[in-house]
file work37.txt (compact mmCIF, C-alpha atoms)
# COMPACT_ATOMS: atom_id res chain seq x y z
CA MET A 1 0.00 0.00 0.00
CA GLN A 2 1.42 3.38 -1.03
CA SER A 3 -0.47 5.84 1.14
CA THR A 4 2.44 8.15 2.01
CA LEU A 5 2.99 10.98 -0.44
CA ILE A 6 6.61 11.77 -1.33
CA SER A 7 7.41 15.17 -2.84
CA VAL A 8 10.43 15.25 -5.15
CA ILE A 9 11.85 18.75 -5.62
CA VAL A 10 13.93 19.57 -8.70
CA PRO A 11 15.44 23.07 -9.10
CA VAL A 12 15.77 23.92 -12.80
CA TYR A 13 18.00 26.51 -14.42
CA ASN A 14 19.26 26.23 -18.02
CA ILE A 15 19.84 22.47 -18.00
CA SER A 16 17.71 21.50 -21.00
CA SER A 17 20.12 18.81 -22.18
CA TYR A 18 19.95 17.00 -18.83
CA LEU A 19 16.40 17.64 -17.64
CA ASP A 20 14.53 14.92 -19.50
CA LYS A 21 16.61 12.06 -18.11
CA CYS A 22 16.17 13.48 -14.62
CA VAL A 23 12.39 13.86 -14.91
CA GLN A 24 11.83 10.49 -16.56
CA SER A 25 13.81 8.71 -13.83
CA ILE A 26 11.53 10.28 -11.21
CA LEU A 27 8.27 9.57 -13.01
CA ALA A 28 9.39 5.96 -13.54
CA GLN A 29 9.64 5.28 -9.80
CA THR A 30 8.15 1.97 -8.70
CA TYR A 31 6.63 3.96 -5.84
CA LYS A 32 3.84 5.81 -7.63
CA ASN A 33 2.45 8.06 -4.89
CA ILE A 34 4.79 10.95 -5.61
CA GLU A 35 4.52 14.54 -6.68
CA LEU A 36 7.26 16.09 -8.76
CA ILE A 37 7.75 19.81 -8.27
CA LEU A 38 9.86 21.47 -10.95
CA VAL A 39 11.05 24.89 -9.84
CA ASP A 40 12.05 26.91 -12.88
CA ASP A 41 14.37 29.59 -11.54
CA GLY A 42 14.04 31.98 -14.48
CA SER A 43 15.64 29.72 -17.09
CA THR A 44 16.44 31.35 -20.43
CA ASP A 45 16.66 28.14 -22.48
CA SER A 46 13.91 25.63 -23.32
CA CYS A 47 13.50 24.45 -19.72
CA PRO A 48 10.32 26.47 -18.94
CA ALA A 49 8.47 24.97 -21.90
CA MET A 50 9.80 21.50 -21.09
CA CYS A 51 8.54 21.78 -17.51
CA ASP A 52 5.07 22.82 -18.67
CA GLU A 53 4.95 19.92 -21.10
CA TYR A 54 5.75 17.41 -18.34
CA ALA A 55 2.89 18.83 -16.26
CA LYS A 56 0.48 18.44 -19.18
CA LYS A 57 1.39 14.78 -19.63
CA ASP A 58 1.47 13.68 -15.98
CA ASN A 59 -0.81 15.08 -13.27
CA ARG A 60 1.79 14.28 -10.63
CA VAL A 61 3.96 17.09 -11.98
CA ARG A 62 3.66 20.66 -10.72
CA VAL A 63 5.65 23.58 -12.06
CA ILE A 64 6.71 26.76 -10.30
CA HIS A 65 8.00 29.54 -12.55
CA LYS A 66 9.85 32.21 -10.61
CA LYS A 67 12.20 35.09 -11.21
CA ASN A 68 15.84 34.04 -11.06
CA GLY A 69 16.93 34.19 -7.46
CA GLY A 70 19.51 31.45 -7.15
CA LEU A 71 19.53 27.81 -6.10
CA VAL A 72 18.63 28.39 -2.45
CA THR A 73 15.48 30.36 -3.26
CA ALA A 74 14.45 27.72 -5.81
CA ARG A 75 14.83 24.90 -3.31
CA LYS A 76 12.96 26.85 -0.62
CA ALA A 77 10.08 27.52 -3.02
CA GLY A 78 9.83 23.81 -3.74
CA PHE A 79 10.05 22.78 -0.10
CA MET A 80 7.31 25.19 0.91
CA ALA A 81 5.02 24.11 -1.93
CA ALA A 82 5.44 20.39 -1.20
CA LYS A 83 2.35 18.53 -0.02
CA GLY A 84 4.09 15.25 0.80
CA SER A 85 4.90 13.88 4.22
CA TYR A 86 8.43 13.30 2.95
CA ILE A 87 10.66 15.32 0.66
CA MET A 88 13.46 14.23 -1.64
CA SER A 89 15.71 16.68 -3.47
CA VAL A 90 17.13 15.84 -6.90
CA ASP A 91 19.33 18.18 -8.91
CA GLY A 92 18.04 18.73 -12.44
CA ASP A 93 21.19 17.41 -14.13
CA ASP A 94 21.22 14.17 -12.09
CA TRP A 95 18.95 11.11 -12.08
CA ILE A 96 17.81 8.38 -9.68
CA GLU A 97 17.23 4.63 -9.77
CA GLU A 98 13.59 3.58 -10.15
CA ALA A 99 13.50 1.93 -6.69
CA MET A 100 14.89 4.89 -4.77
CA CYS A 101 11.67 6.34 -3.34
CA SER A 102 10.32 2.92 -2.42
CA GLU A 103 13.50 1.62 -0.79
CA MET A 104 14.26 4.81 1.13
CA LEU A 105 10.74 4.99 2.54
CA ASN A 106 10.80 1.28 3.43
CA LEU A 107 14.07 1.85 5.26
CA ILE A 108 12.54 4.60 7.38
CA GLU A 109 9.41 2.57 8.13
CA LYS A 110 11.44 -0.53 8.98
CA THR A 111 13.90 1.18 11.34
CA GLY A 112 11.81 4.03 12.69
CA ALA A 113 14.55 6.48 11.75
CA GLU A 114 13.64 10.07 11.02
CA CYS A 115 15.73 10.43 7.86
CA ALA A 116 17.28 7.99 5.33
CA VAL A 117 20.56 8.42 3.42
CA SER A 118 21.97 6.40 0.53
CA GLY A 119 25.27 6.37 -1.32
CA TYR A 120 25.60 7.60 -4.88
CA ILE A 121 27.29 6.95 -8.20
CA HIS A 122 29.58 9.67 -9.51
CA GLU A 123 29.39 9.79 -13.31
CA THR A 124 31.52 11.72 -15.78
CA LYS A 125 30.59 12.65 -19.33
CA GLY A 126 32.89 9.93 -20.67
CA GLY A 127 30.82 7.28 -18.92
CA ASN A 128 33.26 6.59 -16.12
CA GLN A 129 31.66 5.81 -12.79
CA LYS A 130 32.79 5.87 -9.19
CA VAL A 131 30.57 4.21 -6.59
CA VAL A 132 30.43 6.05 -3.26
CA ALA A 133 28.79 3.55 -0.92
CA LEU A 134 28.02 4.07 2.75
CA ASP A 135 28.22 1.58 5.60
CA GLU A 136 24.92 0.14 6.81
CA SER A 137 24.39 2.14 9.99
CA GLU A 138 21.92 3.92 12.24
CA TYR A 139 22.57 7.09 14.19
CA PHE A 140 20.56 8.13 17.25
CA PHE A 141 21.57 11.65 18.11
CA ASP A 142 22.45 13.01 21.49
CA GLU A 143 24.95 15.82 22.07
CA GLU A 144 27.96 13.49 22.03
CA THR A 145 26.88 11.73 18.82
CA ARG A 146 26.22 15.02 17.04
CA VAL A 147 29.74 16.24 17.87
CA SER A 148 31.27 12.92 16.81
CA VAL A 149 29.46 12.88 13.46
CA ILE A 150 30.27 16.49 12.63
CA GLU A 151 33.95 16.00 13.58
CA ASN A 152 34.19 12.91 11.37
CA TRP A 153 32.64 14.90 8.53
CA LEU A 154 35.12 17.74 9.05
CA LEU A 155 37.95 15.19 8.97
CA GLY A 156 36.66 13.70 5.73
CA LYS A 157 36.00 10.30 7.26
CA ARG A 158 33.38 7.94 5.89
CA GLY A 159 29.96 8.47 7.40
CA ILE A 160 26.89 10.51 6.54
CA ILE A 161 27.40 12.40 3.27
CA SER A 162 26.66 16.12 3.21
CA PRO A 163 24.87 16.75 -0.15
CA LEU A 164 21.21 17.67 0.00
CA TRP A 165 20.40 14.86 -2.44
CA ALA A 166 20.53 11.08 -1.79
CA LYS A 167 18.34 11.62 1.27
CA LEU A 168 14.68 11.26 2.21
CA TYR A 169 13.56 13.78 4.81
CA PRO A 170 10.32 14.36 6.72
CA SER A 171 8.92 17.58 5.27
CA TYR A 172 9.09 19.45 8.58
CA LEU A 173 12.76 18.52 9.06
CA ILE A 174 14.15 19.77 5.75
CA ARG A 175 12.05 22.93 5.98
CA GLN A 176 13.48 23.59 9.43
CA SER A 177 17.13 22.95 8.55
CA TYR A 178 17.10 24.62 5.13
CA SER A 179 15.20 27.72 6.22
CA ASN A 180 18.37 28.98 7.93
CA VAL A 181 20.49 28.77 4.77
CA PRO A 182 21.00 32.33 3.42
CA ASP A 183 19.14 33.02 0.17
CA ASN A 184 22.23 34.52 -1.46
CA MET A 185 24.48 31.52 -0.80
CA SER A 186 25.46 30.43 -4.31
CA GLN A 187 28.18 27.97 -3.29
CA GLY A 188 28.12 25.12 -0.79
CA GLU A 189 24.51 25.51 0.31
CA ASP A 190 24.29 21.75 0.89
CA PHE A 191 27.17 22.00 3.40
CA ALA A 192 25.33 24.78 5.19
CA ASN A 193 22.17 22.71 5.34
CA PHE A 194 24.10 19.68 6.62
CA VAL A 195 25.48 21.46 9.69
CA ASN A 196 21.96 22.73 10.41
CA LEU A 197 20.40 19.31 9.86
CA LEU A 198 22.68 17.48 12.29
CA SER A 199 21.72 19.87 15.08
CA VAL A 200 18.00 19.03 14.87
CA VAL A 201 17.59 15.52 13.43
CA ARG A 202 16.81 12.77 15.97
CA SER A 203 17.94 9.72 13.99
CA ILE A 204 19.35 8.80 10.58
CA VAL A 205 19.62 5.43 8.85
CA CYS A 206 22.19 4.83 6.09
CA THR A 207 22.00 2.14 3.43
CA SER A 208 24.92 0.70 1.49
CA ASN A 209 22.79 0.75 -1.68
CA THR A 210 23.44 3.49 -4.23
CA TYR A 211 20.32 4.96 -5.82
CA TYR A 212 21.46 8.44 -6.83
CA HIS A 213 23.48 9.29 -9.95
CA TYR A 214 25.50 12.46 -9.60
CA ILE A 215 26.54 13.80 -13.01
CA TYR A 216 29.88 15.59 -13.03
CA ARG A 217 29.91 18.55 -15.43
CA LYS A 218 33.03 20.48 -16.40
CA ASP A 219 31.00 23.68 -16.57
CA SER A 220 29.85 23.36 -12.97
CA TYR A 221 31.26 25.60 -10.25
CA SER A 222 33.22 22.71 -8.71
CA ASN A 223 35.79 22.87 -11.51
CA ASP A 224 36.04 26.53 -12.41
CA ILE A 225 35.44 29.42 -10.05
CA ASP A 226 36.28 33.09 -10.37
CA SER A 227 37.12 35.63 -7.68
CA HIS A 228 33.43 36.42 -7.13
CA GLU A 229 32.59 32.77 -6.52
CA PHE A 230 35.66 32.44 -4.31
CA THR A 231 34.18 35.18 -2.13
CA ASN A 232 30.92 33.24 -2.01
CA LEU A 233 32.78 30.09 -1.01
CA HIS A 234 34.49 32.01 1.77
CA SER A 235 31.06 33.15 2.95
CA MET A 236 29.89 29.51 3.00
CA VAL A 237 32.91 28.43 5.05
CA ALA A 238 32.36 31.31 7.47
CA TYR A 239 28.65 30.44 7.81
CA CYS A 240 29.41 26.76 8.48
CA ARG A 241 32.13 27.55 10.99
CA ASN A 242 30.00 30.03 12.90
CA THR A 243 27.01 27.67 12.86
CA ILE A 244 29.14 24.79 14.14
CA ILE A 245 30.51 26.94 16.94
CA LYS A 246 26.96 27.87 17.94
CA ASN A 247 25.34 24.43 17.60
CA TYR A 248 28.24 22.21 18.68
CA PRO A 249 30.05 24.03 21.53
CA LYS A 250 32.08 20.92 22.42
CA ILE A 251 33.59 20.61 18.94
CA ASN A 252 37.35 20.04 18.79
CA LYS A 253 38.84 23.45 17.96
CA ASP A 254 41.79 22.09 15.99
CA VAL A 255 39.58 19.86 13.85
CA LEU A 256 37.33 22.78 12.94
CA ASP A 257 40.19 25.17 12.22
CA ASN A 258 42.00 22.59 10.09
CA TRP A 259 38.82 22.16 8.05
CA VAL A 260 38.56 25.91 7.53
CA VAL A 261 42.17 26.09 6.33
CA GLY A 262 41.64 23.08 4.08
CA GLN A 263 38.57 24.64 2.50
CA CYS A 264 40.41 27.89 1.84
CA ILE A 265 43.36 26.10 0.24
CA GLY A 266 41.07 23.89 -1.80
CA ASN A 267 39.05 26.84 -3.04
CA LEU A 268 42.21 28.70 -4.04
CA LYS A 269 43.34 25.67 -6.01
CA ARG A 270 40.03 25.47 -7.81
CA MET A 271 40.16 29.16 -8.66
CA SER A 272 43.65 28.68 -10.10
CA CYS A 273 42.68 25.84 -12.45
CA ASN A 274 42.42 28.10 -15.52
CA SER A 275 44.85 30.80 -14.52
CA ASP A 276 48.59 31.36 -14.58
CA PHE A 277 49.11 30.57 -10.92
CA SER A 278 48.52 27.46 -8.86
CA ILE A 279 48.27 26.73 -5.15
CA PRO A 280 50.02 23.42 -4.38
CA LEU A 281 48.33 21.01 -2.01
CA TYR A 282 51.05 18.33 -2.05
CA ASN A 283 54.65 19.21 -1.24
CA PHE A 284 57.83 17.22 -1.75
CA LYS A 285 59.18 17.03 1.78
CA GLU A 286 62.95 16.76 1.19
CA ILE A 287 63.49 19.50 -1.36
CA GLU A 288 67.13 19.98 -0.30
CA THR A 289 68.01 16.55 -1.72
CA LEU A 290 67.11 17.80 -5.21
CA LEU A 291 69.20 20.98 -5.26
CA GLY A 292 71.61 20.97 -8.18
CA LYS A 293 69.94 17.89 -9.69
CA LYS A 294 68.39 17.13 -13.08
CA VAL A 295 64.96 15.72 -12.26
CA ILE A 296 62.26 13.74 -14.06
CA ILE A 297 58.76 13.82 -12.56
CA TYR A 298 56.81 10.58 -13.12
CA GLY A 299 53.07 11.23 -12.70
CA ALA A 300 50.83 14.00 -14.01
CA GLY A 301 48.02 13.66 -11.50
CA ALA A 302 47.38 15.89 -8.49
CA VAL A 303 50.71 15.12 -6.83
CA GLY A 304 52.71 15.47 -10.05
CA LYS A 305 51.15 18.84 -10.90
CA ASP A 306 51.87 20.19 -7.45
CA TYR A 307 55.46 18.92 -7.51
CA ILE A 308 56.01 20.68 -10.83
CA VAL A 309 54.70 23.95 -9.39
CA GLN A 310 56.86 23.55 -6.30
CA LEU A 311 60.11 22.59 -8.05
CA CYS A 312 59.81 25.23 -10.78
CA LYS A 313 60.42 27.86 -8.10
CA TYR A 314 64.02 26.64 -7.64
CA ASP A 315 66.58 27.88 -10.17
CA ASN A 316 69.04 25.18 -9.14
CA ILE A 317 66.65 22.29 -9.81
CA SER A 318 66.36 21.33 -13.48
CA ILE A 319 63.19 19.53 -14.54
CA VAL A 320 64.25 17.70 -17.69
CA ALA A 321 60.99 15.81 -18.26
CA TRP A 322 57.47 15.24 -16.95
CA VAL A 323 56.16 11.77 -17.91
CA ASP A 324 53.05 9.69 -17.45
CA LYS A 325 51.70 6.47 -18.97
CA LYS A 326 48.51 8.33 -19.86
CA TYR A 327 50.36 11.34 -21.25
CA LYS A 328 47.79 11.80 -24.04
CA ASN A 329 45.14 12.66 -21.42
CA PHE A 330 47.08 15.73 -20.27
CA ASP A 331 47.27 18.98 -22.25
CA PHE A 332 48.83 21.72 -20.15
CA GLU A 333 49.86 24.92 -21.90
CA TRP A 334 52.62 25.57 -19.39
CA LYS A 335 54.33 22.15 -19.39
CA LYS A 336 54.29 19.19 -21.76
CA VAL A 337 53.65 15.69 -20.43
CA GLU A 338 55.64 13.07 -22.33
CA PRO A 339 55.43 9.26 -22.63
CA VAL A 340 57.38 7.21 -20.08
CA SER A 341 59.63 5.87 -22.84
CA GLU A 342 61.19 9.34 -23.12
CA ILE A 343 63.07 8.62 -19.90
CA LEU A 344 65.46 6.48 -21.93
CA HIS A 345 66.44 9.51 -24.00
CA LYS A 346 67.01 11.98 -21.17
CA ASP A 347 70.05 12.94 -19.14
CA TYR A 348 68.92 12.96 -15.52
CA ASP A 349 70.03 12.40 -11.95
CA ILE A 350 66.79 11.25 -10.35
CA ILE A 351 63.22 10.20 -11.14
CA ILE A 352 60.64 11.34 -8.61
CA VAL A 353 57.60 9.07 -8.50
CA ALA A 354 54.78 11.56 -7.90
CA VAL A 355 51.86 9.53 -6.54
CA LYS A 356 50.12 9.46 -3.18
CA ARG A 357 49.94 5.74 -2.43
CA GLN A 358 52.89 3.52 -1.64
CA ASP A 359 51.48 0.51 -3.53
CA MET A 360 51.21 2.62 -6.70
CA ALA A 361 54.75 3.86 -6.20
CA GLU A 362 56.02 0.28 -5.84
CA GLN A 363 54.23 -0.73 -9.04
CA ILE A 364 55.78 2.18 -10.96
CA THR A 365 59.20 1.42 -9.49
CA ASN A 366 58.98 -2.19 -10.68
CA GLU A 367 58.00 -1.02 -14.17
CA LEU A 368 60.99 1.34 -14.25
CA LEU A 369 63.31 -1.45 -13.13
CA GLU A 370 62.04 -3.55 -16.02
CA MET A 371 63.15 -0.69 -18.27
CA LYS A 372 66.67 -1.17 -16.82
CA ILE A 373 66.50 2.07 -14.84
CA ASN A 374 69.01 2.20 -12.01
CA LYS A 375 67.12 1.67 -8.75
CA ASP A 376 69.28 4.29 -7.02
CA LYS A 377 67.85 6.91 -9.39
CA ILE A 378 64.21 6.18 -8.46
CA LEU A 379 62.76 8.08 -5.51
CA TRP A 380 59.34 8.07 -3.86
CA LYS A 381 58.53 9.96 -0.70
CA GLU A 382 55.04 10.11 0.76
CA PRO A 383 53.70 13.52 -0.30
CA GLN A 384 53.17 16.08 2.43
CA ASN A 385 49.50 17.03 2.38
CA MET A 386 49.08 20.64 3.45
CA LEU A 387 45.58 19.87 4.73
CA GLU A 388 47.05 17.54 7.35
CA TYR A 389 49.05 20.35 8.89
CA ASN A 390 48.08 20.60 12.55
CA ILE A 391 47.21 24.16 13.49
CA SER A 392 47.64 23.23 17.16
CA ASN A 393 51.42 23.31 16.56
CA THR A 394 51.26 27.01 15.73
CA ASN A 395 50.87 29.96 18.06
CA VAL A 396 47.12 30.17 17.55
CA GLU A 397 45.24 31.87 20.34
CA ARG A 398 43.74 29.10 22.49
CA GLY A 399 40.90 31.20 23.85
CA GLY A 400 37.26 31.25 22.80
CA TYR A 401 35.99 31.43 19.27
CA ASN A 402 35.28 34.56 17.35
CA SER A 403 33.01 34.64 14.32
CA ILE A 404 34.63 35.13 10.94
CA VAL A 405 33.06 37.16 8.18

call {"tool": "encode", "arguments": {"input": "work37.txt", "output": "structure tokens"}}
result
Amino acid sequence: MQSTLISVIVPVYNISSYLDKCVQSILAQTYKNIELILVDDGSTDSCPAMCDEYAKKDNRVRVIHKKNGGLVTARKAGFMAAKGSYIMSVDGDDWIEEAMCSEMLNLIEKTGAECAVSGYIHETKGGNQKVVALDESEYFFDEETRVSVIENWLLGKRGIISPLWAKLYPSYLIRQSYSNVPDNMSQGEDFANFVNLLSVVRSIVCTSNTYYHYIYRKDSYSNDIDSHEFTNLHSMVAYCRNTIIKNYPKINKDVLDNWVVGQCIGNLKRMSCNSDFSIPLYNFKEIETLLGKKVIIYGAGAVGKDYIVQLCKYDNISIVAWVDKKYKNFDFEWKKVEPVSEILHKDYDIIIVAVKRQDMAEQITNELLEMKINKDKILWKEPQNMLEYNISNTNVERGGYNSIV
């Protein structure tokens, strides 16, 4: 029996090439007692007409056309218009498995939890997928549990994911938590909602199943931000920090401050993606051992790119080549990535294996040895991650918190 109405809220803004797959995945749910609310936030493409057409064809679809006010105002409009006992949020460029509504509601009814959370599948345009699964778990929140969960989230540990999607909320709960998110927050509004949510939710159940498909788009803010968006990201970090201080007074100060620093560094790196400067996240720890040397960097991923940026600052370190097995996938204007075979044609003193994991480094080392490379010329050191720097080792004032703006 499907007596409980579920409202699915989809904010829509200029995503005409993605919208149909999203809508069809919702209307195809095995759980039929749903309403789909499409919130057109002043789209200038064909989305408004598409939304109206869906409503004509299926009486479960409702459309809200509003003046462009940003993602937060669109979500709030949908949440307030929802008639269902439960609300699910789906971004208009994503899609969901047909059993999602049914399984998430069954999970709540079976466990008595207030809110249900699933994992998701991260998809790129090329069809590559990464499954982000959660552990089967239930959380019953008291003050200690709330602090533990938020600290684990700040530390990036596996647990409850922060995005607004991949969750089924009671209507009153999401309205309460999201109402405090500022209307003008254009970046990271799901983070802001998450820190609000954890302060009021009584219990959450997580499933290891993955029902939500998150579509990664190169034109989304997560890959290219300008100085204006960087300011907005700073505002989000400040909001989250101040809210955490208020709602979780027993939070570990160092954990929170390290998260703030990590967010700032990460946002600077994202802003530098298409510019002439770069903010390195990974550092080579023993730079003095490379002075006066001719160096080859093996690896063009995150570590390799940061090593290049770091080493280029030293006039007495000569980078004679940057190589990678997948060299054709990299097209940097400022430095050419060459095939690994080019090592055999270079005059060098040392090859730095620029990867994070030791097992990967060992695999690369073995491949280089098979190429008759002298083992003494192969070097891997675990990269120093700037985000793991412990602020407690600095002369930071140990007194009470002050809000940041």

call {"tool": "residues_around", "arguments": {"input": "work37.txt", "residues": "Cys312 of chain A", "least_positions_apart": "5", "cutoff": "12 Å", "atoms": "only C-alpha atoms", "output": "ChimeraX atom specification"}}
result
/A:277-278,280,287,290-291,295,297,305-307,317-320,322,334-335

call {"tool": "write_last_selection", "arguments": {"input": "work37.txt", "atoms": "C-alpha atoms", "output": "CSV table (one decimal), in the coordinates of the input"}}
result
chain,number,residue,atom,x,y,z
A,277,PHE,CA,49.1,30.6,-10.9
A,278,SER,CA,48.5,27.5,-8.9
A,280,PRO,CA,50.0,23.4,-4.4
A,287,ILE,CA,63.5,19.5,-1.4
A,290,LEU,CA,67.1,17.8,-5.2
A,291,LEU,CA,69.2,21.0,-5.3
A,295,VAL,CA,65.0,15.7,-12.3
A,297,ILE,CA,58.8,13.8,-12.6
A,305,LYS,CA,51.2,18.8,-10.9
A,306,ASP,CA,51.9,20.2,-7.4
A,307,TYR,CA,55.5,18.9,-7.5
A,317,ILE,CA,66.6,22.3,-9.8
A,318,SER,CA,66.4,21.3,-13.5
A,319,ILE,CA,63.2,19.5,-14.5
A,320,VAL,CA,64.2,17.7,-17.7
A,322,TRP,CA,57.5,15.2,-17.0
A,334,TRP,CA,52.6,25.6,-19.4
A,335,LYS,CA,54.3,22.2,-19.4

call {"tool": "closest_residue", "arguments": {"input": "work37.txt", "among": "A:Ser341, A:Gln358, A:Ser102, A:Ile350", "to": "Glu370 of chain A", "atoms": "only C-alpha atoms"}}
result
A:Ser341

call {"tool": "axis_aligned_box", "arguments": {"input": "work37.txt", "around": "segment 56-72 of chain A", "padding_each_side": "3 Å", "output": "AutoDock Vina command-line options"}}
result
--center_x 9.4 --center_y 24.4 --center_z -11.0 --size_x 26.3 --size_y 27.4 --size_z 23.2

call {"tool": "atom_distance", "arguments": {"input": "work37.txt", "atom1": "atom CA of Ser208 of chain A", "atom2": "atom CA of Ser7 of chain A"}}
result
23.1 Å

call {"tool": "residues_around", "arguments": {"input": "work37.txt", "residues": "segment 147-162 of chain A", "least_positions_apart": "2", "cutoff": "6 Å", "atoms": "only C-alpha atoms", "output": "ChimeraX atom specification"}}
result
/A:144-145,191,194,251,259

call {"tool": "atom_distance", "arguments": {"input": "work37.txt", "atom1": "atom CA of Ala55 of chain A", "atom2": "atom CA of Ile215 of chain A"}}
result
24.4 Å

call {"tool": "atom_distance", "arguments": {"input": "work37.txt", "atom1": "atom CA of Lys285 of chain A", "atom2": "atom CA of Glu338 of chain A"}}
result
24.7 Å

call {"tool": "closest_residue", "arguments": {"input": "work37.txt", "among": "A:Ala81, A:Phe284, A:Gly262, A:Leu105", "to": "Ser3 of chain A", "atoms": "only C-alpha atoms"}}
result
A:Leu105

call {"tool": "residues_around", "arguments": {"input": "work37.txt", "residues": "Lys372 of chain A", "least_positions_apart": "5", "cutoff": "10 Å", "atoms": "all atoms listed in the file", "output": "PyMOL selection string"}}
result
chain A and resi 344+366-367

call {"tool": "closest_residue", "arguments": {"input": "work37.txt", "among": "A:Ala133, A:Gly78, A:Cys240, A:Asn209", "to": "Ile174 of chain A", "atoms": "only C-alpha atoms"}}
result
A:Gly78

call {"tool": "closest_residue", "arguments": {"input": "work37.txt", "among": "A:Gln187, A:Asn252, A:Gln2, A:Ser177", "to": "Thr30 of chain A", "atoms": "all atoms listed in the file"}}
result
A:Gln2
